[in-house]
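To keep things clear, I will list the structure first and then write my remarks on it.
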Amino acid sequence: MNKNNSPHSRRHFLTAAGVGAAATVWPADLAAQQTDDERANVDVVNEFCATFAVPFDWNRMTSLLSPDCRYRATQTAPVVEGPEAIVAFLLSFAGAAASAEFEVVDTWARGPVVVNDRVDRFALPQRTLDIPVVGVFHVVDGLITEWSDFVFDFQP
């Protein structure tokens, strides 16, 4: 493998370090500075995250996604495209959950980009998972068009 394609490449490290540094210097009173559009975008993402509860409301969930929405579950996962494919992917691991929750710890927006710090919890038949996640969403006209989750320090 070419060293530039390695997940441990200098570019990967610098990108991750830059995201982490930006998160630590972001203004604490950001919510008070948000525009009406940014608050509306945060509301869409918060409503979407609230659909992750058993029983899942897959119809409500997909109604918040654009027809061409793209989802990346982790930094290394392939992109899943379209609401139906996204639901199928989510069903593959969360469909058997006795309970589920996206606990949103913090959320902020800049224009159409909404970022949330969450803990995704799933009670599955063999185990319970608490997954620390940073979700990045792109919202256009009240619908999520892009969704990427970045998982940190997850110990299954």
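Please note that chains go A, B, ... in the order of the structure tokens, that every chain numbers its residues from 1, and that ligands are numbered from 1 in the order shown.
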
I'd like to know which residues of segment 22-155 of chain A are strand (DSSP E or B) (by DSSP, run on the backbone); could you write them as a VMD selection string? chain A and resid 65 to 72 79 to 81 99 to 110 113 to 123 128 to 140 143 to 151

Within 12 Å of Trp58 of chain A, counting only C-alpha atoms, which residues qualify if same-chain residues fewer than 2 places away don't, as a ChimeraX atom specification? /A:48-56,60-65,83-91,94-95

Selection: 12 Å around Leu143 of chain A, only C-alpha atoms, excl. self and same-chain fewer than 2 positions, as JSON, numbers by chain: {"A": [40, 41, 42, 43, 44, 45, 47, 48, 60, 61, 62, 63, 64, 65, 66, 67, 68, 69, 70, 83, 112, 113, 114, 137, 138, 139, 140, 141, 145, 146, 147]}

Nearest residue to Gly135 of chain A out of A:Ala96, A:Gly82, A:Asn46, A:Glu101, using only C-alpha atoms? A:Asn46

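Between atom CA of Asn116 of chain A and atom CA of Glu38 of chain A there is a distance of 13.1 Å.
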
Quick one: distance from atom CA of Val151 of chain A to atom CA of Ala100 of chain A in Å, one decimal?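 Going from atom CA of Val151 of chain A over to atom CA of Ala100 of chain A covers 16.9 Å.
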
Choose the residue, out of A:Arg72, A:Ile131, A:Asp149, A:Val104, that has the smallest atom-to-atom separation from Arg118 of chain A; count only C-alpha atoms.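 For Arg118 of chain A, the nearest of the candidates is A:Val104.
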
Quick check for you: according to DSSP on this backbone, which residues of segment 18-154 of chain A are classed as alpha helix (DSSP H)? Reply as a PDB file with C-alpha atoms, in the first residue's frame.
```pdb
ATOM      1  CA  GLY A  18      -7.282  20.088  12.649  1.00  0.00           C
ATOM      2  CA  VAL A  19     -10.838  18.910  13.336  1.00  0.00           C
ATOM      3  CA  GLY A  20      -9.970  18.321  16.989  1.00  0.00           C
ATOM      4  CA  ALA A  21      -8.294  21.711  17.356  1.00  0.00           C
ATOM      5  CA  ALA A  22     -11.242  23.500  15.734  1.00  0.00           C
ATOM      6  CA  ALA A  23     -13.639  21.803  18.131  1.00  0.00           C
ATOM      7  CA  THR A  24     -11.686  22.987  21.153  1.00  0.00           C
ATOM      8  CA  VAL A  25     -11.635  26.659  20.133  1.00  0.00           C
ATOM      9  CA  LEU A  30     -22.429  29.585  19.454  1.00  0.00           C
ATOM     10  CA  ALA A  31     -26.130  28.714  19.861  1.00  0.00           C
ATOM     11  CA  ALA A  32     -26.903  32.316  20.753  1.00  0.00           C
ATOM     12  CA  GLN A  33     -25.152  33.446  17.550  1.00  0.00           C
ATOM     13  CA  ASP A  36     -32.894  31.382  12.075  1.00  0.00           C
ATOM     14  CA  ASP A  37     -31.852  29.067   9.215  1.00  0.00           C
ATOM     15  CA  GLU A  38     -29.133  27.492  11.357  1.00  0.00           C
ATOM     16  CA  ARG A  39     -31.581  26.930  14.216  1.00  0.00           C
ATOM     17  CA  ALA A  40     -34.018  25.330  11.742  1.00  0.00           C
ATOM     18  CA  ASN A  41     -31.225  23.054  10.482  1.00  0.00           C
ATOM     19  CA  VAL A  42     -30.373  22.048  14.064  1.00  0.00           C
ATOM     20  CA  ASP A  43     -34.072  21.280  14.641  1.00  0.00           C
ATOM     21  CA  VAL A  44     -34.110  18.955  11.589  1.00  0.00           C
ATOM     22  CA  VAL A  45     -31.037  17.075  12.823  1.00  0.00           C
ATOM     23  CA  ASN A  46     -32.352  16.854  16.402  1.00  0.00           C
ATOM     24  CA  GLU A  47     -35.688  15.540  15.127  1.00  0.00           C
ATOM     25  CA  PHE A  48     -33.825  13.008  12.991  1.00  0.00           C
ATOM     26  CA  CYS A  49     -31.739  11.849  15.964  1.00  0.00           C
ATOM     27  CA  ALA A  50     -34.927  11.520  18.052  1.00  0.00           C
ATOM     28  CA  TRP A  58     -38.412   4.440   9.682  1.00  0.00           C
ATOM     29  CA  ASN A  59     -40.960   6.469   7.709  1.00  0.00           C
ATOM     30  CA  ARG A  60     -40.392   9.565   9.836  1.00  0.00           C
ATOM     31  CA  MET A  61     -36.643   9.019   9.648  1.00  0.00           C
ATOM     32  CA  THR A  62     -36.611   8.786   5.855  1.00  0.00           C
ATOM     33  CA  SER A  63     -38.925  11.791   5.532  1.00  0.00           C
ATOM     34  CA  PRO A  83     -33.058   6.745   2.157  1.00  0.00           C
ATOM     35  CA  GLU A  84     -34.043   3.118   1.496  1.00  0.00           C
ATOM     36  CA  ALA A  85     -30.397   1.958   1.389  1.00  0.00           C
ATOM     37  CA  ILE A  86     -29.648   3.937   4.550  1.00  0.00           C
ATOM     38  CA  VAL A  87     -32.567   2.305   6.389  1.00  0.00           C
ATOM     39  CA  ALA A  88     -31.456  -1.139   5.171  1.00  0.00           C
ATOM     40  CA  PHE A  89     -27.961  -0.458   6.496  1.00  0.00           C
ATOM     41  CA  LEU A  90     -29.310   0.749   9.864  1.00  0.00           C
ATOM     42  CA  LEU A  91     -31.615  -2.275  10.094  1.00  0.00           C
ATOM     43  CA  SER A  92     -28.616  -4.571   9.584  1.00  0.00           C
ATOM     44  CA  PHE A  93     -27.291  -3.752  13.046  1.00  0.00           C
ATOM     45  CA  ALA A  94     -30.028  -1.852  14.910  1.00  0.00           C
TER      46      ALA A  94
END
```

Just checking: using only C-alpha atoms, which residue out of A:Phe102, A:Trp108, A:Tyr71, A:Phe150 ends up closest to Asp130 of chain A? A:Phe102

State, in Å with one decimal place, the distance from atom CA of Ala109 of chain A to atom CA of Gln34 of chain A. 7.1 Å

Select, from A:Gln126, A:Val119, A:Thr74, A:Glu81, the residue with the minimum atom-to-atom distance to Ala97 of chain A, counting only C-alpha atoms. A:Gln126
